[in-house]
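**Student:** The following block contains the structure, expressed as structure tokens.
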Amino acid sequence: MNAPPTPASDRPPTQAAPKSSGFAAEFKDAVTFRAFGLVLGGLLVQLAFVVSYVGAFHSPTPHRIPVAVAAPQQVSAKIVAKLNALDGDPVKATAVSSTAVAREWVLTRRTDTAFLFNAAGTKDTLLVASAGGPSVSQTATQIAQKIEASQKRQITVTDIRSPNAGDGRGMTSFYLVLGWVIGGYLTATIMGMAAGSRPTNRHRTLIRLAVLVLYAVVSGIAGAVIVGPVFDALGGHFWALSAIGALTVMASAATALALQTLLGLLGTGVVVLLFVVLGNPSSGGVYPAPLLPAFWSAIGQALPPGAGTTLVRNTVYFSAHATTSALWVLGAYAVGGAVLAWGASWWREERVTDGASAAPEPSPAL
């Protein structure tokens, strides 16, 4: 049997579409000072992005590329002085006692290249390690060839540490770290947006930090799988890369959480400014520090993208030499960000409590 029709009086009323109150009123309601500020902020970040990347990459110029000089004692000082006197200071030459020492300096990252002078002939040798940055090796080669041609000598270039076959031009380290950094601050931002832009108390902050630690560990392992077993780009260092990835992600995520706790939505903009606008072009992934302008060269290794890229590259290709500073930088962001996030949430919690206790009690009802 068919059910009897529902009386019209018992049917739920149909919700009518809200009526427009006129264009002028809608415009006044939509275009608020807050909305204007957000659009202006987006424009400023966009322009900063363009300025930072174009400023860093538009004209790569060598500046004080570290070079070890191995030559007989009677000519060593003269060669070093001549290299250091080149217009524009493209290299920073240092004399070493032997070819073996020069090679060691390159492989331990004390220098980017080594010049081996042949006192018995006219054919010298330039040692490079393109795994540490192909663009620096190419630039050093061009400088050496120009100098040698002016002296009626020849130069042989020997690459003593080139990127893995699956690493192409040695960019995998940079892209791996870039993914880790973006994942860290993006996840912290999503967690904040899911339940308000700021953690409301210390307990919630601790919960978010615990979740971010777990996320960082998973991200580190996943990244190591991708560049290792999947693509064989940075193989043979699985657990080391996993640990570096966890530290990098936590550095990015904890810093993002701290800035968002302190500044709310503005904190997200600061994170993008630090890690993307400034951090990526200065990281050394595309052009290492000796080819960057002074500002980007100075800040690169003080930010997680640069510290992470150096840590991955030197771990994979140079037996973890010259990684101490990068570890300290990432550790400082991870620990400092966590402490700052907890402290900021505690401060905000105390302010809310003090404000509530200072509010006047309501008058009793009559």
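Every chain in the structure tokens has a letter given in the order shown (A, B, ...), and although residue numbers restart at 1 in each chain, ligands are simply numbered from 1 in the order shown.
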Can I get the residues of range 150-192 of chain A within 12 Å of range 289-309 of chain A, each with the closest pair of atoms and their distance in Å to one decimal, using only C-alpha atoms, sorted chain first then ascending number, as a tab-separated table?

**Tutor:**
residue	atom	partner	partner_atom	distance
A:Gly170	CA	A:Thr309	CA	10.9
A:Met171	CA	A:Thr309	CA	9.4
A:Thr172	CA	A:Thr309	CA	9.2
A:Ser173	CA	A:Thr309	CA	5.6
A:Phe174	CA	A:Thr309	CA	5.2
A:Tyr175	CA	A:Thr309	CA	8.5
A:Leu176	CA	A:Thr309	CA	8.1
A:Val177	CA	A:Gly308	CA	5.9
A:Leu178	CA	A:Pro305	CA	6.4
A:Gly179	CA	A:Pro305	CA	9.6
A:Trp180	CA	A:Pro305	CA	8.9
A:Val181	CA	A:Pro305	CA	6.8
A:Ile182	CA	A:Pro305	CA	9.5
A:Gly184	CA	A:Pro304	CA	10.9
A:Tyr185	CA	A:Pro304	CA	11.3

**Student:** For the residues in that selection, give me N, CA and C atoms as a CSV table (one decimal), in the first residue's frame.

**Tutor:**
chain,number,residue,atom,x,y,z
A,170,GLY,N,73.1,16.0,-10.2
A,170,GLY,CA,73.4,16.2,-8.8
A,170,GLY,C,72.3,17.0,-8.1
A,171,MET,N,71.1,17.1,-8.6
A,171,MET,CA,70.0,17.9,-8.0
A,171,MET,C,69.1,17.1,-7.1
A,172,THR,N,69.3,15.8,-7.0
A,172,THR,CA,68.3,15.0,-6.2
A,172,THR,C,68.3,15.4,-4.8
A,173,SER,N,69.5,15.8,-4.2
A,173,SER,CA,69.5,16.2,-2.8
A,173,SER,C,68.7,17.4,-2.6
A,174,PHE,N,68.7,18.3,-3.5
A,174,PHE,CA,68.0,19.6,-3.3
A,174,PHE,C,66.5,19.3,-3.4
A,175,TYR,N,66.1,18.5,-4.4
A,175,TYR,CA,64.6,18.2,-4.5
A,175,TYR,C,64.1,17.4,-3.4
A,176,LEU,N,64.9,16.5,-2.9
A,176,LEU,CA,64.5,15.7,-1.7
A,176,LEU,C,64.3,16.5,-0.5
A,177,VAL,N,65.2,17.4,-0.2
A,177,VAL,CA,65.1,18.3,0.9
A,177,VAL,C,63.9,19.3,0.7
A,178,LEU,N,63.8,19.8,-0.5
A,178,LEU,CA,62.6,20.7,-0.8
A,178,LEU,C,61.3,20.0,-0.4
A,179,GLY,N,61.2,18.7,-0.8
A,179,GLY,CA,59.9,18.0,-0.5
A,179,GLY,C,59.7,17.9,1.0
A,180,TRP,N,60.8,17.5,1.7
A,180,TRP,CA,60.7,17.4,3.2
A,180,TRP,C,60.3,18.7,3.8
A,181,VAL,N,61.0,19.8,3.4
A,181,VAL,CA,60.7,21.1,4.0
A,181,VAL,C,59.2,21.5,3.8
A,182,ILE,N,58.8,21.4,2.5
A,182,ILE,CA,57.4,21.7,2.2
A,182,ILE,C,56.4,20.9,3.0
A,184,GLY,N,56.8,19.4,5.8
A,184,GLY,CA,56.8,19.8,7.2
A,184,GLY,C,55.9,21.0,7.6
A,185,TYR,N,56.2,22.1,6.9
A,185,TYR,CA,55.4,23.3,7.2
A,185,TYR,C,54.0,23.2,6.7

**Student:** Tell me which protein, DNA and RNA residues are within 7 Å of range 333-342 of chain A, counting only C-alpha atoms, leaving out same-chain ones fewer than 4 positions away, and put them as a list in words.

**Tutor:**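 Selected residues are Arg202, Thr205, Met250, Ala251, Ala254, Thr255, Leu257, Ala258, Thr261, Val329 and Trp346 of chain A.
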
**Student:** Let me make sure I understand: among A:Gly285, A:Gly133, A:Gly267, A:Gly245, which one has the smallest atom-to-atom distance to Leu330 in chain A if we use only C-alpha atoms?

**Tutor:** A:Gly245

**Student:** To one decimal place, how far is CA of Gln145 in chain A from CA of Thr125 in chain A in Å?

**Tutor:**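 Between CA of Gln145 in chain A and CA of Thr125 in chain A the gap works out to 10.4 Å.
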
**Student:** Check the DSSP output for the backbone and give back, as a list in words, the residues of range 86-153 of chain A in strand (DSSP E).

**Tutor:**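 In range 86-153 of chain A, DSSP puts these residues in strand (DSSP E): Val91, Lys92, Ala93, Thr94, Ala95, Val96, Thr113, Ala114, Phe115, Leu116, Lys123, Asp124, Thr125, Leu126, Leu127 and Val128 of chain A.
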
**Student:** What are the closest atom pairs, with distances in Å to one decimal, for all residues of range 282-341 of chain A lying within 9 Å of range 225-237 of chain A? Consider only C-alpha atoms, order rows by chain and residue number, and present the result as a tab-separated table.

**Tutor:**
residue	atom	partner	partner_atom	distance
A:Thr315	CA	A:His237	CA	8.1
A:Val316	CA	A:His237	CA	6.6
A:Tyr317	CA	A:Leu234	CA	9.0

**Student:** Using only C-alpha atoms, what table do you get, as a Markdown table, when you list each residue of range 216-300 of chain A with an atom no more than 7 Å from range 42-55 of chain A, its nearest pair of atoms, and their distance in Å rounded to one decimal, rows by chain then rising number?

**Tutor:**
| residue | atom | partner | partner_atom | distance |
| --- | --- | --- | --- | --- |
| A:Val277 | CA | A:Phe49 | CA | 4.9 |
| A:Leu278 | CA | A:Ser52 | CA | 6.4 |
| A:Pro281 | CA | A:Tyr53 | CA | 5.8 |

**Student:** Keeping only C-alpha atoms, write the selected residues to a file as a PDB file, in the first residue's frame.

**Tutor:**
ATOM      1  CA  VAL A 277      61.081  32.793  -0.831  1.00  0.00           C
ATOM      2  CA  LEU A 278      64.498  33.018   0.855  1.00  0.00           C
ATOM      3  CA  PRO A 281      67.198  30.024  -3.912  1.00  0.00           C
TER       4      PRO A 281
END

**Student:** Could you tell me how far CA of Thr113 in chain A sits from CA of Ile160 in chain A, in Å to one decimal place?

**Tutor:**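 Computed distance, CA of Ile160 in chain A to CA of Thr113 in chain A, equals 9.9 Å.
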
**Student:** Residues at most 9 Å from Pro134 in chain A, counting only C-alpha atoms, excluding those fewer than 6 positions away in the same chain, as a list in words?

**Tutor:**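 In the requested form, the answer reads Ser162, Pro163, Arg169, Gly170, Tyr287 and Pro288 of chain A.
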
**Student:** Please write the residues from the selection above to a file, keeping C-alpha atoms, as a short mmCIF file (atom, residue, chain, number, x, y, z; two decimals), in the first residue's frame.

**Tutor:**
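Saved result, part38.cif, follows:
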data_model
loop_
_atom_site.label_atom_id
_atom_site.label_comp_id
_atom_site.auth_asym_id
_atom_site.auth_seq_id
_atom_site.Cartn_x
_atom_site.Cartn_y
_atom_site.Cartn_z
CA SER A 162 80.76 12.81 -9.75
CA PRO A 163 77.01 12.32 -9.06
CA ARG A 169 73.20 16.70 -12.52
CA GLY A 170 73.36 16.21 -8.76
CA TYR A 287 73.84 27.35 -7.61
CA PRO A 288 76.15 26.71 -4.61
#

**Student:** Could you list, as a PyMOL selection string, every residue within 7 Å of Phe115 in chain A, counting only C-alpha atoms and ignoring same-chain residues fewer than 2 positions away?

**Tutor:** chain A and resi 67-70+113+117+125-127

**Student:** Write the residues of the preceding selection, restricted to C-alpha atoms, as a PDB file, in the first residue's frame.

**Tutor:**
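This went into result-v1.pdb:
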ATOM      1  CA  VAL A  67      90.857  26.179  -4.345  1.00  0.00           C
ATOM      2  CA  ALA A  68      93.734  24.105  -2.962  1.00  0.00           C
ATOM      3  CA  VAL A  69      97.035  24.694  -4.808  1.00  0.00           C
ATOM      4  CA  ALA A  70      99.624  21.913  -4.908  1.00  0.00           C
ATOM      5  CA  THR A 113      88.578  22.296  -6.364  1.00  0.00           C
ATOM      6  CA  PHE A 117     100.901  22.515 -10.955  1.00  0.00           C
ATOM      7  CA  THR A 125      95.538  19.340 -13.557  1.00  0.00           C
ATOM      8  CA  LEU A 126      92.346  20.655 -11.992  1.00  0.00           C
ATOM      9  CA  LEU A 127      90.555  18.342  -9.564  1.00  0.00           C
TER      10      LEU A 127
END

**Student:** As a PyMOL selection string, please: all residues of range 166-364 of chain A that backbone DSSP puts in helix (DSSP H, G or I).

**Tutor:** chain A and resi 166-167+172-194+202-230+238-263+265-278+289-291+294-302+304-317+324-358
